[in-house]
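Engineer: Sharing data.cif below, mmCIF, C-alpha atoms:
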```cif
data_model
#
loop_
_atom_site.group_PDB
_atom_site.id
_atom_site.type_symbol
_atom_site.label_atom_id
_atom_site.label_comp_id
_atom_site.auth_asym_id
_atom_site.auth_seq_id
_atom_site.Cartn_x
_atom_site.Cartn_y
_atom_site.Cartn_z
ATOM 1 C CA MET A 1 -12.755 -11.650 22.146
ATOM 2 C CA ASN A 2 -9.020 -12.336 21.817
ATOM 3 C CA GLU A 3 -8.612 -11.704 25.536
ATOM 4 C CA GLU A 4 -11.138 -14.460 26.255
ATOM 5 C CA LYS A 5 -9.303 -16.844 23.918
ATOM 6 C CA LEU A 6 -6.008 -15.947 25.564
ATOM 7 C CA GLU A 7 -7.467 -16.525 29.045
ATOM 8 C CA LYS A 8 -8.813 -19.937 27.965
ATOM 9 C CA ALA A 9 -5.443 -20.887 26.468
ATOM 10 C CA MET A 10 -3.605 -19.881 29.650
ATOM 11 C CA VAL A 11 -5.953 -21.942 31.808
ATOM 12 C CA ALA A 12 -5.641 -24.897 29.406
ATOM 13 C CA LEU A 13 -1.838 -24.674 29.585
ATOM 14 C CA GLN A 14 -2.069 -24.599 33.378
ATOM 15 C CA LYS A 15 -4.114 -27.781 33.240
ATOM 16 C CA GLY A 16 -1.389 -29.509 31.242
ATOM 17 C CA ASP A 17 -2.546 -28.978 27.640
ATOM 18 C CA GLY A 18 0.813 -28.336 25.923
ATOM 19 C CA ASN A 19 -0.960 -27.456 22.668
ATOM 20 C CA ALA A 20 -2.389 -24.358 24.338
ATOM 21 C CA LEU A 21 1.045 -22.737 24.122
ATOM 22 C CA ALA A 22 0.634 -22.590 20.334
ATOM 23 C CA ASP A 23 -2.641 -20.718 20.842
ATOM 24 C CA ILE A 24 -0.990 -18.312 23.272
ATOM 25 C CA TYR A 25 1.816 -17.741 20.778
ATOM 26 C CA SER A 26 -0.515 -17.095 17.840
ATOM 27 C CA LEU A 27 -2.584 -14.636 19.866
ATOM 28 C CA THR A 28 0.352 -12.669 21.273
ATOM 29 C CA ASN A 29 3.588 -13.133 19.303
ATOM 30 C CA LYS A 30 3.256 -9.956 17.237
ATOM 31 C CA GLY A 31 2.473 -7.876 20.311
ATOM 32 C CA VAL A 32 5.257 -9.382 22.423
ATOM 33 C CA PHE A 33 7.805 -8.736 19.676
ATOM 34 C CA THR A 34 6.575 -5.171 19.215
ATOM 35 C CA PHE A 35 6.723 -4.623 22.955
ATOM 36 C CA VAL A 36 10.342 -5.794 23.414
ATOM 37 C CA LEU A 37 11.840 -4.340 20.214
ATOM 38 C CA PRO A 38 11.937 -0.732 21.472
ATOM 39 C CA ILE A 39 13.434 -1.911 24.767
ATOM 40 C CA LEU A 40 16.239 -3.849 23.084
ATOM 41 C CA HIS A 41 16.859 -1.775 19.960
ATOM 42 C CA ASP A 42 17.926 -4.958 18.159
ATOM 43 C CA TYR A 43 15.743 -7.052 15.858
ATOM 44 C CA GLN A 44 17.543 -10.381 16.381
ATOM 45 C CA LEU A 45 17.729 -9.950 20.135
ATOM 46 C CA ALA A 46 14.008 -9.102 20.214
ATOM 47 C CA GLU A 47 13.272 -12.364 18.394
ATOM 48 C CA ASP A 48 15.369 -14.257 20.951
ATOM 49 C CA VAL A 49 13.596 -12.587 23.854
ATOM 50 C CA MET A 50 10.228 -13.305 22.277
ATOM 51 C CA GLN A 51 11.066 -17.018 22.135
ATOM 52 C CA ASP A 52 12.459 -16.943 25.682
ATOM 53 C CA THR A 53 9.183 -15.383 26.798
ATOM 54 C CA TYR A 54 7.163 -18.374 25.617
ATOM 55 C CA VAL A 55 9.591 -20.853 27.158
ATOM 56 C CA SER A 56 9.317 -18.962 30.433
ATOM 57 C CA CYS A 57 5.526 -18.815 30.072
ATOM 58 C CA TYR A 58 5.428 -22.604 29.762
ATOM 59 C CA GLU A 59 7.795 -23.118 32.682
ATOM 60 C CA ASN A 60 6.017 -20.632 34.976
ATOM 61 C CA ILE A 61 2.382 -21.102 33.972
ATOM 62 C CA SER A 62 1.600 -22.327 37.479
ATOM 63 C CA SER A 63 2.155 -18.763 38.755
ATOM 64 C CA TYR A 64 -0.492 -17.334 36.413
ATOM 65 C CA ARG A 65 -3.690 -16.433 38.274
ATOM 66 C CA PRO A 66 -6.819 -17.010 36.161
ATOM 67 C CA GLY A 67 -9.018 -13.951 35.941
ATOM 68 C CA THR A 68 -6.110 -11.503 35.863
ATOM 69 C CA ASN A 69 -4.911 -9.857 32.651
ATOM 70 C CA PRO A 70 -3.100 -12.640 30.735
ATOM 71 C CA ARG A 71 -1.494 -10.229 28.253
ATOM 72 C CA ASN A 72 0.004 -8.126 31.053
ATOM 73 C CA TRP A 73 1.309 -11.290 32.734
ATOM 74 C CA LEU A 74 3.004 -12.351 29.507
ATOM 75 C CA LEU A 75 4.386 -8.871 28.818
ATOM 76 C CA THR A 76 5.834 -8.748 32.318
ATOM 77 C CA ILE A 77 7.744 -11.928 31.508
ATOM 78 C CA ALA A 78 8.840 -10.395 28.194
ATOM 79 C CA LYS A 79 9.977 -7.155 29.846
ATOM 80 C CA ASN A 80 11.943 -9.015 32.526
ATOM 81 C CA SER A 81 13.571 -11.211 29.889
ATOM 82 C CA ALA A 82 14.445 -8.170 27.755
ATOM 83 C CA LEU A 83 15.960 -6.310 30.700
ATOM 84 C CA SER A 84 17.925 -9.403 31.670
ATOM 85 C CA LYS A 85 19.329 -9.639 28.122
ATOM 86 C CA LEU A 86 20.262 -5.947 28.228
ATOM 87 C CA ARG A 87 22.100 -6.362 31.527
ATOM 88 C CA LYS A 88 23.948 -9.364 30.150
ATOM 89 C CA ARG A 89 24.831 -7.541 26.933
ATOM 90 C CA ASN A 90 26.025 -4.479 28.868
ATOM 91 C CA ARG A 91 28.389 -6.672 30.888
ATOM 92 C CA GLU A 92 29.903 -8.003 27.669
ATOM 93 C CA VAL A 93 32.335 -5.339 26.511
ATOM 94 C CA SER A 94 33.020 -5.320 22.801
ATOM 95 C CA PHE A 95 33.733 -2.613 20.286
ATOM 96 C CA ASP A 96 33.635 -2.706 16.516
ATOM 97 C CA PHE A 97 36.120 -0.079 15.300
ATOM 98 C CA ASP A 98 34.520 -0.031 11.845
ATOM 99 C CA GLN A 99 31.114 0.875 13.255
ATOM 100 C CA GLU A 100 30.132 4.524 13.518
ATOM 101 C CA PRO A 101 29.472 5.752 17.043
ATOM 102 C CA SER A 102 25.827 5.894 18.054
ATOM 103 C CA GLN A 103 24.124 9.223 17.693
ATOM 104 C CA GLY A 104 22.215 10.334 20.771
ATOM 105 C CA GLY A 105 18.637 9.103 20.930
ATOM 106 C CA VAL A 106 18.666 7.295 17.584
ATOM 107 C CA TYR A 107 19.161 3.554 17.546
ATOM 108 C CA TYR A 108 19.435 0.896 14.895
ATOM 109 C CA LEU A 109 16.570 -1.562 14.653
ATOM 110 C CA GLY A 110 18.534 -4.491 13.289
ATOM 111 C CA ASP A 111 17.319 -6.004 10.064
ATOM 112 C CA ILE A 112 13.971 -4.277 9.759
ATOM 113 C CA ASP A 113 13.913 -3.290 6.130
ATOM 114 C CA SER A 114 11.132 -0.757 6.200
ATOM 115 C CA PRO A 115 11.917 2.788 5.146
ATOM 116 C CA THR A 116 8.851 4.011 7.036
ATOM 117 C CA ILE A 117 9.993 2.404 10.305
ATOM 118 C CA LYS A 118 13.504 3.751 9.822
ATOM 119 C CA LEU A 119 12.072 7.215 9.160
ATOM 120 C CA ALA A 120 9.848 6.940 12.241
ATOM 121 C CA ASN A 121 12.869 5.926 14.299
ATOM 122 C CA SER A 122 14.801 8.953 13.105
ATOM 123 C CA VAL A 123 12.106 11.614 13.612
ATOM 124 C CA LEU A 124 10.168 10.444 16.668
ATOM 125 C CA ALA A 125 11.128 10.592 20.325
ATOM 126 C CA GLU A 126 11.636 7.147 21.847
ATOM 127 C CA ASP A 127 8.319 7.125 23.720
ATOM 128 C CA GLU A 128 6.447 8.289 20.596
ATOM 129 C CA PHE A 129 8.128 5.571 18.541
ATOM 130 C CA ASN A 130 7.225 2.906 21.113
ATOM 131 C CA ILE A 131 3.592 4.031 21.172
ATOM 132 C CA VAL A 132 3.291 4.065 17.376
ATOM 133 C CA MET A 133 4.924 0.635 17.029
ATOM 134 C CA MET A 134 2.762 -0.901 19.741
ATOM 135 C CA TYR A 135 -0.395 0.567 18.188
ATOM 136 C CA ALA A 136 0.362 0.105 14.485
ATOM 137 C CA ILE A 137 2.327 -3.142 14.501
ATOM 138 C CA GLY A 138 1.421 -4.717 17.825
ATOM 139 C CA GLY A 139 -2.278 -3.994 17.490
ATOM 140 C CA TYR A 140 -2.598 -2.727 21.061
ATOM 141 C CA LYS A 141 -5.269 -0.227 22.061
ATOM 142 C CA HIS A 142 -4.278 3.109 23.589
ATOM 143 C CA LYS A 143 -5.611 1.960 26.970
ATOM 144 C CA GLU A 144 -3.389 -1.155 26.891
ATOM 145 C CA ILE A 145 -0.360 0.894 25.834
ATOM 146 C CA ALA A 146 -1.026 3.308 28.694
ATOM 147 C CA GLU A 147 -1.030 0.387 31.146
ATOM 148 C CA PHE A 148 2.142 -1.158 29.690
ATOM 149 C CA LEU A 149 4.070 2.126 29.668
ATOM 150 C CA HIS A 150 2.624 3.402 32.962
ATOM 151 C CA MET A 151 1.267 6.588 31.376
ATOM 152 C CA PRO A 152 -2.129 8.240 31.526
ATOM 153 C CA ILE A 153 -4.260 7.309 28.519
ATOM 154 C CA GLY A 154 -4.545 10.988 27.570
ATOM 155 C CA THR A 155 -0.757 11.237 27.354
ATOM 156 C CA VAL A 156 -0.567 8.143 25.146
ATOM 157 C CA THR A 157 -3.317 9.470 22.856
ATOM 158 C CA TRP A 158 -1.664 12.882 22.649
ATOM 159 C CA LYS A 159 1.805 11.421 21.959
ATOM 160 C CA TYR A 160 0.337 9.130 19.292
ATOM 161 C CA ALA A 161 -1.380 12.056 17.532
ATOM 162 C CA THR A 162 1.793 14.157 17.784
ATOM 163 C CA ALA A 163 3.865 11.287 16.380
ATOM 164 C CA LEU A 164 1.508 10.878 13.426
ATOM 165 C CA LYS A 165 1.801 14.595 12.619
ATOM 166 C CA LYS A 166 5.601 14.335 12.733
ATOM 167 C CA LEU A 167 5.514 11.257 10.498
ATOM 168 C CA ARG A 168 3.191 12.904 7.965
ATOM 169 C CA LYS A 169 5.503 15.909 7.751
ATOM 170 C CA ALA A 170 8.615 13.731 7.452
ATOM 171 C CA LEU A 171 6.987 11.613 4.732
ATOM 172 C CA SER A 172 5.911 14.755 2.897
ATOM 173 C CA ASP A 173 9.471 16.117 3.123
ATOM 174 C CA GLU A 174 10.858 12.812 1.823
ATOM 175 C CA GLU A 175 8.416 12.871 -1.109
ATOM 176 C CA ALA A 176 9.464 16.434 -1.937
ATOM 177 C CA LYS A 177 13.152 15.449 -1.854
ATOM 178 C CA TYR A 178 12.419 12.491 -4.106
ATOM 179 C CA ALA A 179 10.535 14.690 -6.582
ATOM 180 C CA LEU A 180 13.451 17.140 -6.682
ATOM 181 C CA ARG A 181 15.934 14.304 -7.332
ATOM 182 C CA GLN A 182 13.716 12.958 -10.128
ATOM 183 C CA GLN A 183 13.434 16.423 -11.641
ATOM 184 C CA ALA A 184 17.219 16.931 -11.438
ATOM 185 C CA GLN A 185 17.837 13.595 -13.182
ATOM 186 C CA GLU A 186 15.467 14.515 -16.001
ATOM 187 C CA ASN A 187 17.327 17.793 -16.630
#
```
Would you mind writing the file out in structure tokens?
Structural biologist:
Amino acid sequence: MNEEKLEKAMVALQKGDGNALADIYSLTNKGVFTFVLPILHDYQLAEDVMQDTYVSCYENISSYRPGTNPRNWLLTIAKNSALSKLRKRNREVSFDFDQEPSQGGVYYLGDIDSPTIKLANSVLAEDEFNIVMMYAIGGYKHKEIAEFLHMPIGTVTWKYATALKKLRKALSDEEAKYALRQQAQEN
């Protein structure tokens, strides 16, 4: 249903209806953000890329071919924009001497203030984290995630299930630690 609405909005934008961009945005903004966040590892930069994606969508709508997958077309723009930002950022050399060095495989997600997301980021492999975020926050189906990440659907499903098991265990461990701290404070 949403795919049909998205297709209609893309075609309307192609025909010059500028208001259709608002429809495209409302149907895809959460998914686009969720898609680029794991690529960029930076909340603010992901917001910038998300906005750039819609500007680029508007400017390049003539290259969209009706009848193809509109979400994939938009995510391709988002991915290219994100990679471009990363290349630009990597060329800019700066170092904050007060900042702790990055620990291998774990990255900071900017201003996301969710203990569950931070826990997921610390216990899951990068591909598992991306799959969980795209499914849980972005609302994508496993089949769509498989297409976006160029993985077999079975691999995506398996990694998602594995990630959920890891998260359940980590949450259980955190609850146990919390209970011990509470008990220690009472004594």
Engineer: Determine, counting only C-alpha atoms, which protein, DNA and RNA residues have an atom within 10 Å of an atom of Glu128 (chain A); residues of the same chain fewer than 3 positions away are not included. Present the result as a list in words.
Structural biologist: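 What passes the distance filter is Ala120, Asn121, Val123, Leu124, Ala125, Ile131, Val132, Met133, Met134, Val156, Trp158, Lys159, Tyr160, Ala161, Thr162, Ala163, Leu164 and Lys166 of chain A.
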Engineer: So the first atom is CA of Leu171 (chain A) and the second is CA of Asn130 (chain A); what is the distance between them in Å, to one decimal place?
Structural biologist: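 Straight-line distance from CA of Leu171 (chain A) to CA of Asn130 (chain A) works out to 18.6 Å.
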Engineer: Have a look at CA of Lys79 (chain A) and CA of Phe148 (chain A) and let me know their distance in Å, one decimal.
Structural biologist: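 These atoms are spaced 9.9 Å apart.
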Engineer: Measuring atom to atom with only C-alpha atoms, identify which of A:Leu167, A:Lys141, A:Ala78, A:Pro70 is nearest to Lys118 (chain A).
Structural biologist: A:Leu167
Engineer: Return as a PyMOL selection string the set of residues that the PyMOL selection byres ((chain A and resi 59-66) around 9) yields on the displayed structure.
Structural biologist: chain A and resi 7-8+10-11+13-15+54-58+67-70+73
Engineer: Go ahead and save the residues from that selection, with C-alpha atoms, as an mmCIF file, in the coordinates of the input.
Structural biologist:
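This is the output file selection-v4.cif:
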```
data_model
loop_
_atom_site.group_PDB
_atom_site.id
_atom_site.type_symbol
_atom_site.label_atom_id
_atom_site.label_comp_id
_atom_site.auth_asym_id
_atom_site.auth_seq_id
_atom_site.Cartn_x
_atom_site.Cartn_y
_atom_site.Cartn_z
ATOM 1 C CA GLU A 7 -7.467 -16.525 29.045
ATOM 2 C CA LYS A 8 -8.813 -19.937 27.965
ATOM 3 C CA MET A 10 -3.605 -19.881 29.650
ATOM 4 C CA VAL A 11 -5.953 -21.942 31.808
ATOM 5 C CA LEU A 13 -1.838 -24.674 29.585
ATOM 6 C CA GLN A 14 -2.069 -24.599 33.378
ATOM 7 C CA LYS A 15 -4.114 -27.781 33.240
ATOM 8 C CA TYR A 54 7.163 -18.374 25.617
ATOM 9 C CA VAL A 55 9.591 -20.853 27.158
ATOM 10 C CA SER A 56 9.317 -18.962 30.433
ATOM 11 C CA CYS A 57 5.526 -18.815 30.072
ATOM 12 C CA TYR A 58 5.428 -22.604 29.762
ATOM 13 C CA GLY A 67 -9.018 -13.951 35.941
ATOM 14 C CA THR A 68 -6.110 -11.503 35.863
ATOM 15 C CA ASN A 69 -4.911 -9.857 32.651
ATOM 16 C CA PRO A 70 -3.100 -12.640 30.735
ATOM 17 C CA TRP A 73 1.309 -11.290 32.734
#
```
Engineer: Given the file shown, enumerate the residues that the PyMOL selection byres ((chain A and resi 142) around 7) captures and present them as a compact mmCIF listing (two decimals) with C-alpha atoms, in the frame of the given file.
Structural biologist:
```txt
# COMPACT_ATOMS: atom_id res chain seq x y z
CA TYR A 140 -2.60 -2.73 21.06
CA LYS A 141 -5.27 -0.23 22.06
CA LYS A 143 -5.61 1.96 26.97
CA GLU A 144 -3.39 -1.16 26.89
CA ILE A 145 -0.36 0.89 25.83
CA ALA A 146 -1.03 3.31 28.69
CA ILE A 153 -4.26 7.31 28.52
CA VAL A 156 -0.57 8.14 25.15
CA THR A 157 -3.32 9.47 22.86
```
Engineer: Going by the chain IDs and residue numbers used in this file, which residues fall under the PyMOL selection byres ((chain A and resi 53) around 12)? Write them as an mmCIF file with C-alpha atoms, in the coordinates of the input.
Structural biologist:
```
data_model
loop_
_atom_site.group_PDB
_atom_site.id
_atom_site.type_symbol
_atom_site.label_atom_id
_atom_site.label_comp_id
_atom_site.auth_asym_id
_atom_site.auth_seq_id
_atom_site.Cartn_x
_atom_site.Cartn_y
_atom_site.Cartn_z
ATOM 1 C CA LEU A 21 1.045 -22.737 24.122
ATOM 2 C CA ILE A 24 -0.990 -18.312 23.272
ATOM 3 C CA TYR A 25 1.816 -17.741 20.778
ATOM 4 C CA THR A 28 0.352 -12.669 21.273
ATOM 5 C CA ASN A 29 3.588 -13.133 19.303
ATOM 6 C CA GLY A 31 2.473 -7.876 20.311
ATOM 7 C CA VAL A 32 5.257 -9.382 22.423
ATOM 8 C CA PHE A 33 7.805 -8.736 19.676
ATOM 9 C CA PHE A 35 6.723 -4.623 22.955
ATOM 10 C CA VAL A 36 10.342 -5.794 23.414
ATOM 11 C CA ALA A 46 14.008 -9.102 20.214
ATOM 12 C CA GLU A 47 13.272 -12.364 18.394
ATOM 13 C CA ASP A 48 15.369 -14.257 20.951
ATOM 14 C CA VAL A 49 13.596 -12.587 23.854
ATOM 15 C CA MET A 50 10.228 -13.305 22.277
ATOM 16 C CA GLN A 51 11.066 -17.018 22.135
ATOM 17 C CA ASP A 52 12.459 -16.943 25.682
ATOM 18 C CA TYR A 54 7.163 -18.374 25.617
ATOM 19 C CA VAL A 55 9.591 -20.853 27.158
ATOM 20 C CA SER A 56 9.317 -18.962 30.433
ATOM 21 C CA CYS A 57 5.526 -18.815 30.072
ATOM 22 C CA TYR A 58 5.428 -22.604 29.762
ATOM 23 C CA GLU A 59 7.795 -23.118 32.682
ATOM 24 C CA ASN A 60 6.017 -20.632 34.976
ATOM 25 C CA ILE A 61 2.382 -21.102 33.972
ATOM 26 C CA ARG A 71 -1.494 -10.229 28.253
ATOM 27 C CA TRP A 73 1.309 -11.290 32.734
ATOM 28 C CA LEU A 74 3.004 -12.351 29.507
ATOM 29 C CA LEU A 75 4.386 -8.871 28.818
ATOM 30 C CA THR A 76 5.834 -8.748 32.318
ATOM 31 C CA ILE A 77 7.744 -11.928 31.508
ATOM 32 C CA ALA A 78 8.840 -10.395 28.194
ATOM 33 C CA LYS A 79 9.977 -7.155 29.846
ATOM 34 C CA ASN A 80 11.943 -9.015 32.526
ATOM 35 C CA SER A 81 13.571 -11.211 29.889
ATOM 36 C CA ALA A 82 14.445 -8.170 27.755
ATOM 37 C CA LEU A 83 15.960 -6.310 30.700
ATOM 38 C CA SER A 84 17.925 -9.403 31.670
ATOM 39 C CA LYS A 85 19.329 -9.639 28.122
#
```
Engineer: May I ask which of the residues A:Glu186, A:Asp17, A:Glu126, A:Glu175 is the closest one to Leu37 (chain A), counting all atoms listed in the file?
Structural biologist: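 Among A:Glu186, A:Asp17, A:Glu126, A:Glu175, it is A:Glu126 that comes nearest to Leu37 (chain A).
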Engineer: Rounded to one decimal place, report the CA of Ile117 (chain A)-CA of Pro38 (chain A) distance in Å.
Structural biologist: 11.8 Å
Engineer: With only C-alpha atoms as the atoms that count, which of A:Gly18, A:Lys165, A:Leu86, A:Glu4 lies nearest to Leu45 (chain A)?
Structural biologist: A:Leu86
Engineer: Would you compute, for all listed atoms of region 116-130 of chain A, the axis-aligned bounding box grown by 3 Å on each side, and then report its centre and edge lengths in Å rounded to one decimal, as AutoDock Vina command-line options?
Structural biologist:
```
--center_x 10.6 --center_y 7.0 --center_z 15.4 --size_x 14.4 --size_y 15.2 --size_z 22.7
```
Engineer: Write out as a PyMOL selection string which residues come within 9 Å of Asp23 (chain A) when counting only C-alpha atoms, dropping same-chain ones fewer than 6 positions away.
Structural biologist: chain A and resi 5-6+9-10
